[in-house]
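Everything below belongs to model_18.txt, which stores compact mmCIF, N, CA and C atoms.
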# COMPACT_ATOMS: atom_id res chain seq x y z
N MET A 193 94.30 123.39 87.37
CA MET A 193 94.64 121.98 87.43
C MET A 193 93.42 121.16 87.04
N CYS A 194 93.66 120.06 86.36
CA CYS A 194 92.60 119.17 85.91
C CYS A 194 91.80 118.63 87.10
N ARG A 195 90.49 118.57 86.92
CA ARG A 195 89.61 118.09 88.00
C ARG A 195 89.97 116.67 88.41
N GLU A 196 90.31 115.80 87.45
CA GLU A 196 90.63 114.41 87.77
C GLU A 196 91.88 114.30 88.62
N LEU A 197 92.86 115.17 88.40
CA LEU A 197 94.07 115.13 89.22
C LEU A 197 93.76 115.50 90.67
N LYS A 198 92.75 116.32 90.87
CA LYS A 198 92.35 116.67 92.23
C LYS A 198 91.59 115.53 92.89
N ARG A 199 90.93 114.70 92.09
CA ARG A 199 90.13 113.60 92.64
C ARG A 199 90.93 112.33 92.83
N GLU A 200 92.00 112.16 92.08
CA GLU A 200 92.75 110.91 92.12
C GLU A 200 93.21 110.51 93.52
N PRO A 201 93.75 111.42 94.34
CA PRO A 201 94.18 111.01 95.69
C PRO A 201 93.05 110.41 96.51
N ALA A 202 91.85 110.87 96.34
CA ALA A 202 90.71 110.32 97.08
C ALA A 202 90.38 108.91 96.59
N TRP A 203 90.46 108.67 95.28
CA TRP A 203 90.23 107.32 94.75
C TRP A 203 91.26 106.36 95.33
N VAL A 204 92.52 106.74 95.28
CA VAL A 204 93.60 105.87 95.77
C VAL A 204 93.42 105.62 97.26
N ALA A 205 93.13 106.67 98.02
CA ALA A 205 92.94 106.53 99.46
C ALA A 205 91.76 105.62 99.78
N ALA A 206 90.67 105.76 99.06
CA ALA A 206 89.50 104.94 99.30
C ALA A 206 89.78 103.46 99.02
N ILE A 207 90.49 103.19 97.95
CA ILE A 207 90.84 101.80 97.63
C ILE A 207 91.78 101.24 98.68
N ARG A 208 92.76 102.03 99.07
CA ARG A 208 93.72 101.59 100.09
C ARG A 208 93.00 101.29 101.41
N LEU A 209 92.12 102.16 101.83
CA LEU A 209 91.37 101.95 103.07
C LEU A 209 90.47 100.71 102.96
N ALA A 210 89.83 100.53 101.82
CA ALA A 210 88.96 99.37 101.65
C ALA A 210 89.75 98.07 101.76
N LEU A 211 90.93 98.04 101.16
CA LEU A 211 91.73 96.83 101.17
C LEU A 211 92.43 96.60 102.51
N LEU A 212 92.95 97.66 103.11
CA LEU A 212 93.73 97.51 104.34
C LEU A 212 92.89 97.56 105.61
N GLU A 213 91.87 98.39 105.61
CA GLU A 213 91.05 98.57 106.82
C GLU A 213 89.71 97.86 106.73
N GLY A 214 89.26 97.58 105.52
CA GLY A 214 87.98 96.91 105.33
C GLY A 214 86.78 97.82 105.41
N GLU A 215 87.02 99.12 105.54
CA GLU A 215 85.93 100.09 105.66
C GLU A 215 86.41 101.45 105.18
N VAL A 216 85.51 102.21 104.58
CA VAL A 216 85.83 103.53 104.05
C VAL A 216 84.77 104.52 104.52
N THR A 217 85.24 105.68 105.00
CA THR A 217 84.35 106.79 105.33
C THR A 217 84.92 108.06 104.71
N THR A 218 84.10 109.08 104.60
CA THR A 218 84.55 110.36 104.06
C THR A 218 85.71 110.90 104.87
N GLU A 219 85.56 110.91 106.18
CA GLU A 219 86.60 111.45 107.06
C GLU A 219 87.91 110.67 106.91
N ALA A 220 87.83 109.35 106.82
CA ALA A 220 89.03 108.53 106.68
C ALA A 220 89.75 108.80 105.37
N VAL A 221 88.98 108.99 104.29
CA VAL A 221 89.58 109.28 102.98
C VAL A 221 90.29 110.64 103.02
N ILE A 222 89.66 111.63 103.62
CA ILE A 222 90.28 112.96 103.71
C ILE A 222 91.59 112.89 104.48
N GLU A 223 91.59 112.14 105.57
CA GLU A 223 92.81 112.00 106.35
C GLU A 223 93.87 111.22 105.60
N GLU A 224 93.49 110.10 105.01
CA GLU A 224 94.44 109.24 104.28
C GLU A 224 95.06 109.97 103.09
N ALA A 225 94.26 110.74 102.38
CA ALA A 225 94.74 111.44 101.18
C ALA A 225 95.35 112.80 101.48
N ASN A 226 95.36 113.19 102.76
CA ASN A 226 95.90 114.49 103.17
C ASN A 226 95.23 115.64 102.41
N LEU A 227 93.92 115.56 102.30
CA LEU A 227 93.18 116.60 101.60
C LEU A 227 92.92 117.79 102.52
N ILE A 228 92.80 118.95 101.94
CA ILE A 228 92.52 120.14 102.73
C ILE A 228 91.05 120.14 103.15
N PRO A 229 90.75 120.79 104.26
CA PRO A 229 89.35 120.87 104.70
C PRO A 229 88.48 121.50 103.60
N GLY A 230 87.25 121.06 103.55
CA GLY A 230 86.33 121.59 102.55
C GLY A 230 86.13 120.67 101.36
N ARG A 231 86.80 119.53 101.34
CA ARG A 231 86.68 118.59 100.21
C ARG A 231 85.68 117.48 100.48
N GLU A 232 84.91 117.60 101.54
CA GLU A 232 83.97 116.55 101.91
C GLU A 232 82.97 116.24 100.80
N ARG A 233 82.44 117.27 100.17
CA ARG A 233 81.45 117.05 99.10
C ARG A 233 82.06 116.27 97.94
N THR A 234 83.29 116.61 97.57
CA THR A 234 83.97 115.91 96.48
C THR A 234 84.20 114.45 96.85
N VAL A 235 84.67 114.22 98.08
CA VAL A 235 84.93 112.84 98.52
C VAL A 235 83.63 112.04 98.55
N ARG A 236 82.56 112.63 99.04
CA ARG A 236 81.27 111.93 99.05
C ARG A 236 80.83 111.56 97.63
N ALA A 237 81.04 112.46 96.69
CA ALA A 237 80.69 112.19 95.29
C ALA A 237 81.54 111.05 94.73
N ILE A 238 82.81 111.03 95.07
CA ILE A 238 83.71 109.97 94.62
C ILE A 238 83.29 108.63 95.20
N LEU A 239 82.99 108.60 96.49
CA LEU A 239 82.58 107.36 97.12
C LEU A 239 81.27 106.84 96.53
N ALA A 240 80.35 107.74 96.24
CA ALA A 240 79.09 107.35 95.61
C ALA A 240 79.34 106.77 94.21
N LYS A 241 80.25 107.39 93.46
CA LYS A 241 80.58 106.89 92.12
C LYS A 241 81.25 105.52 92.22
N MET A 242 82.11 105.34 93.21
CA MET A 242 82.75 104.04 93.42
C MET A 242 81.71 102.98 93.78
N ASP A 243 80.69 103.38 94.51
CA ASP A 243 79.59 102.47 94.84
C ASP A 243 78.81 102.12 93.56
N ASP A 244 78.55 103.11 92.72
CA ASP A 244 77.85 102.86 91.45
C ASP A 244 78.61 101.86 90.58
N ARG A 245 79.93 101.92 90.65
CA ARG A 245 80.78 101.05 89.82
C ARG A 245 81.15 99.74 90.53
N ASP A 246 80.55 99.47 91.67
CA ASP A 246 80.78 98.25 92.45
C ASP A 246 82.20 98.10 92.97
N VAL A 247 82.93 99.20 93.05
CA VAL A 247 84.25 99.17 93.67
C VAL A 247 84.06 99.16 95.19
N LEU A 248 83.09 99.92 95.65
CA LEU A 248 82.71 99.94 97.07
C LEU A 248 81.24 99.55 97.18
N ASN A 249 80.85 99.18 98.39
CA ASN A 249 79.46 98.82 98.66
C ASN A 249 78.97 99.67 99.83
N ALA A 250 78.01 100.55 99.58
CA ALA A 250 77.49 101.43 100.62
C ALA A 250 76.75 100.62 101.67
N VAL A 251 77.10 100.88 102.95
CA VAL A 251 76.43 100.24 104.07
C VAL A 251 75.41 101.20 104.65
N ASP A 252 75.79 102.45 104.76
CA ASP A 252 74.88 103.51 105.16
C ASP A 252 75.34 104.80 104.49
N GLU A 253 74.88 105.93 104.97
CA GLU A 253 75.13 107.21 104.30
C GLU A 253 76.61 107.54 104.12
N ASP A 254 77.46 107.15 105.07
CA ASP A 254 78.87 107.51 104.97
C ASP A 254 79.79 106.36 105.37
N ARG A 255 79.38 105.16 105.09
CA ARG A 255 80.22 103.99 105.40
C ARG A 255 80.14 103.01 104.24
N TYR A 256 81.31 102.63 103.76
CA TYR A 256 81.40 101.73 102.61
C TYR A 256 82.32 100.57 102.93
N LEU A 257 82.03 99.44 102.34
CA LEU A 257 82.87 98.26 102.44
C LEU A 257 83.39 97.93 101.05
N PRO A 258 84.42 97.08 100.94
CA PRO A 258 84.91 96.70 99.62
C PRO A 258 83.78 96.09 98.78
N GLY A 259 83.70 96.50 97.53
CA GLY A 259 82.67 95.99 96.62
C GLY A 259 83.17 94.81 95.82
N GLU A 260 82.31 94.31 94.96
CA GLU A 260 82.63 93.12 94.15
C GLU A 260 83.90 93.30 93.32
N VAL A 261 84.09 94.48 92.77
CA VAL A 261 85.27 94.72 91.93
C VAL A 261 86.55 94.50 92.72
N LEU A 262 86.61 95.03 93.94
CA LEU A 262 87.80 94.84 94.77
C LEU A 262 87.90 93.41 95.30
N LEU A 263 86.79 92.86 95.73
CA LEU A 263 86.81 91.51 96.28
C LEU A 263 87.23 90.47 95.26
N ASN A 264 86.91 90.71 94.00
CA ASN A 264 87.26 89.76 92.95
C ASN A 264 88.53 90.13 92.20
N SER A 265 89.23 91.17 92.64
CA SER A 265 90.45 91.59 91.94
C SER A 265 91.62 90.70 92.33
N ASP A 266 92.64 90.71 91.51
CA ASP A 266 93.83 89.93 91.83
C ASP A 266 94.66 90.59 92.93
N ARG A 267 94.30 91.77 93.35
CA ARG A 267 95.01 92.48 94.42
C ARG A 267 94.49 92.11 95.81
N PHE A 268 93.32 91.57 95.90
CA PHE A 268 92.69 91.34 97.20
C PHE A 268 93.43 90.28 98.01
N ASP A 269 94.15 89.39 97.35
CA ASP A 269 94.86 88.32 98.05
C ASP A 269 96.31 88.65 98.37
N LEU A 270 96.74 89.89 98.15
CA LEU A 270 98.12 90.28 98.46
C LEU A 270 98.36 90.26 99.97
N ASP A 271 99.63 90.17 100.35
CA ASP A 271 100.01 90.22 101.76
C ASP A 271 100.03 91.68 102.18
N PHE A 272 98.95 92.13 102.81
CA PHE A 272 98.81 93.54 103.15
C PHE A 272 99.66 93.95 104.34
N THR A 273 100.32 93.00 105.00
CA THR A 273 101.24 93.37 106.08
C THR A 273 102.46 94.07 105.50
N LYS A 274 102.67 93.96 104.19
CA LYS A 274 103.80 94.61 103.54
C LYS A 274 103.44 95.97 102.95
N ALA A 275 102.23 96.42 103.16
CA ALA A 275 101.81 97.73 102.65
C ALA A 275 102.48 98.82 103.48
N SER A 276 102.91 99.87 102.84
CA SER A 276 103.59 100.95 103.54
C SER A 276 102.59 101.80 104.31
N ASP A 277 103.11 102.51 105.29
CA ASP A 277 102.29 103.44 106.05
C ASP A 277 102.30 104.83 105.42
N GLY A 278 103.19 105.05 104.47
CA GLY A 278 103.35 106.36 103.86
C GLY A 278 102.35 106.65 102.76
N GLY A 279 102.32 107.90 102.35
CA GLY A 279 101.38 108.35 101.34
C GLY A 279 101.66 107.86 99.94
N ALA A 280 102.88 107.34 99.71
CA ALA A 280 103.23 106.86 98.37
C ALA A 280 102.56 105.53 98.05
N HIS A 281 102.11 104.82 99.07
CA HIS A 281 101.40 103.55 98.90
C HIS A 281 102.21 102.53 98.11
N ARG A 282 103.48 102.50 98.41
CA ARG A 282 104.35 101.49 97.78
C ARG A 282 104.39 100.26 98.68
N TRP A 283 104.65 99.10 98.08
CA TRP A 283 104.76 97.88 98.87
C TRP A 283 106.15 97.79 99.46
N LYS A 284 106.22 97.40 100.73
CA LYS A 284 107.52 97.23 101.39
C LYS A 284 108.23 96.04 100.77
N SER A 285 109.52 96.16 100.70
CA SER A 285 110.34 95.06 100.17
C SER A 285 110.37 93.93 101.19
N SER A 286 110.45 92.70 100.70
CA SER A 286 110.54 91.55 101.61
C SER A 286 111.94 91.39 102.17
N VAL A 287 112.89 92.16 101.64
CA VAL A 287 114.28 92.07 102.10
C VAL A 287 114.53 93.03 103.22
Show the structure stored in the file as structure tokens.
Amino acid sequence: MCRELKREPAWVAAIRLALLEGEVTTEAVIEEANLIPGRERTVRAILAKMDDRDVLNAVDEDRYLPGEVLLNSDRFDLDFTKASDGGAHRWKSSV
């Protein structure tokens, strides 16, 4: 399987956590993305890359906050009370 397909769930989980929870950690990403144990190194590398790209902002060794890219995105002002709790990360219908 392509390496990027294995990393994508961690990217999505990290963005979701940053927007909904306001904080991202390795452990939280693993739980959110339902990753198998042993993926900590990969998740740490992804979070570091997201920090390099200003998607996240490193606060300490394993804690990140939303970065400039997320804070200035058109998604940051969405009504996050309508975000689903499921892994599909679809928005709940207003109906």
Please list as a ChimeraX atom specification every residue within 6 Å of A:Val221, counting only N, CA and C atoms and excluding residues in the same chain fewer than 5 positions away. /A:202,205-206,226
Quote the spacing between atom N of A:Val235 and atom N of A:Glu260 in Å to one decimal place. 20.3 Å
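You can rank A:Ile207, A:Leu212, A:Glu223, A:Thr234 by their closest distance to A:Val247 using all atoms listed in the file, and at the top of that list sits A:Ile207.
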Within 7 Å of A:Leu257, counting only N, CA and C atoms, which residues show up once you throw out same-chain ones fewer than 4 positions away? Write them as a PyMOL selection string, please. chain A and resi 210+214-216+247-251
Selection to disk with N, CA and C atoms, as a compact mmCIF listing (two decimals), in the frame of the given file:
# COMPACT_ATOMS: atom_id res chain seq x y z
N ALA A 210 89.83 100.53 101.82
CA ALA A 210 88.96 99.37 101.65
C ALA A 210 89.75 98.07 101.76
N GLY A 214 89.26 97.58 105.52
CA GLY A 214 87.98 96.91 105.33
C GLY A 214 86.78 97.82 105.41
N GLU A 215 87.02 99.12 105.54
CA GLU A 215 85.93 100.09 105.66
C GLU A 215 86.41 101.45 105.18
N VAL A 216 85.51 102.21 104.58
CA VAL A 216 85.83 103.53 104.05
C VAL A 216 84.77 104.52 104.52
N VAL A 247 82.93 99.20 93.05
CA VAL A 247 84.25 99.17 93.67
C VAL A 247 84.06 99.16 95.19
N LEU A 248 83.09 99.92 95.65
CA LEU A 248 82.71 99.94 97.07
C LEU A 248 81.24 99.55 97.18
N ASN A 249 80.85 99.18 98.39
CA ASN A 249 79.46 98.82 98.66
C ASN A 249 78.97 99.67 99.83
N ALA A 250 78.01 100.55 99.58
CA ALA A 250 77.49 101.43 100.62
C ALA A 250 76.75 100.62 101.67
N VAL A 251 77.10 100.88 102.95
CA VAL A 251 76.43 100.24 104.07
C VAL A 251 75.41 101.20 104.65
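Atom CA of A:Arg199 lies 23.5 Å from atom C of A:Leu263.
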My list of candidates is A:Asp252, A:Pro258, A:Ser265, A:Trp203. Which is closest to A:Ala225 when distances are computed with only N, CA and C atoms? A:Trp203
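Atom pair atom N of A:Thr218 / atom C of A:Lys241: separated by 13.2 Å.
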For A:Ile238, which residue out of A:Glu253, A:Glu213, A:Glu219, A:Glu200 is the nearest one, using only C-alpha atoms? A:Glu200
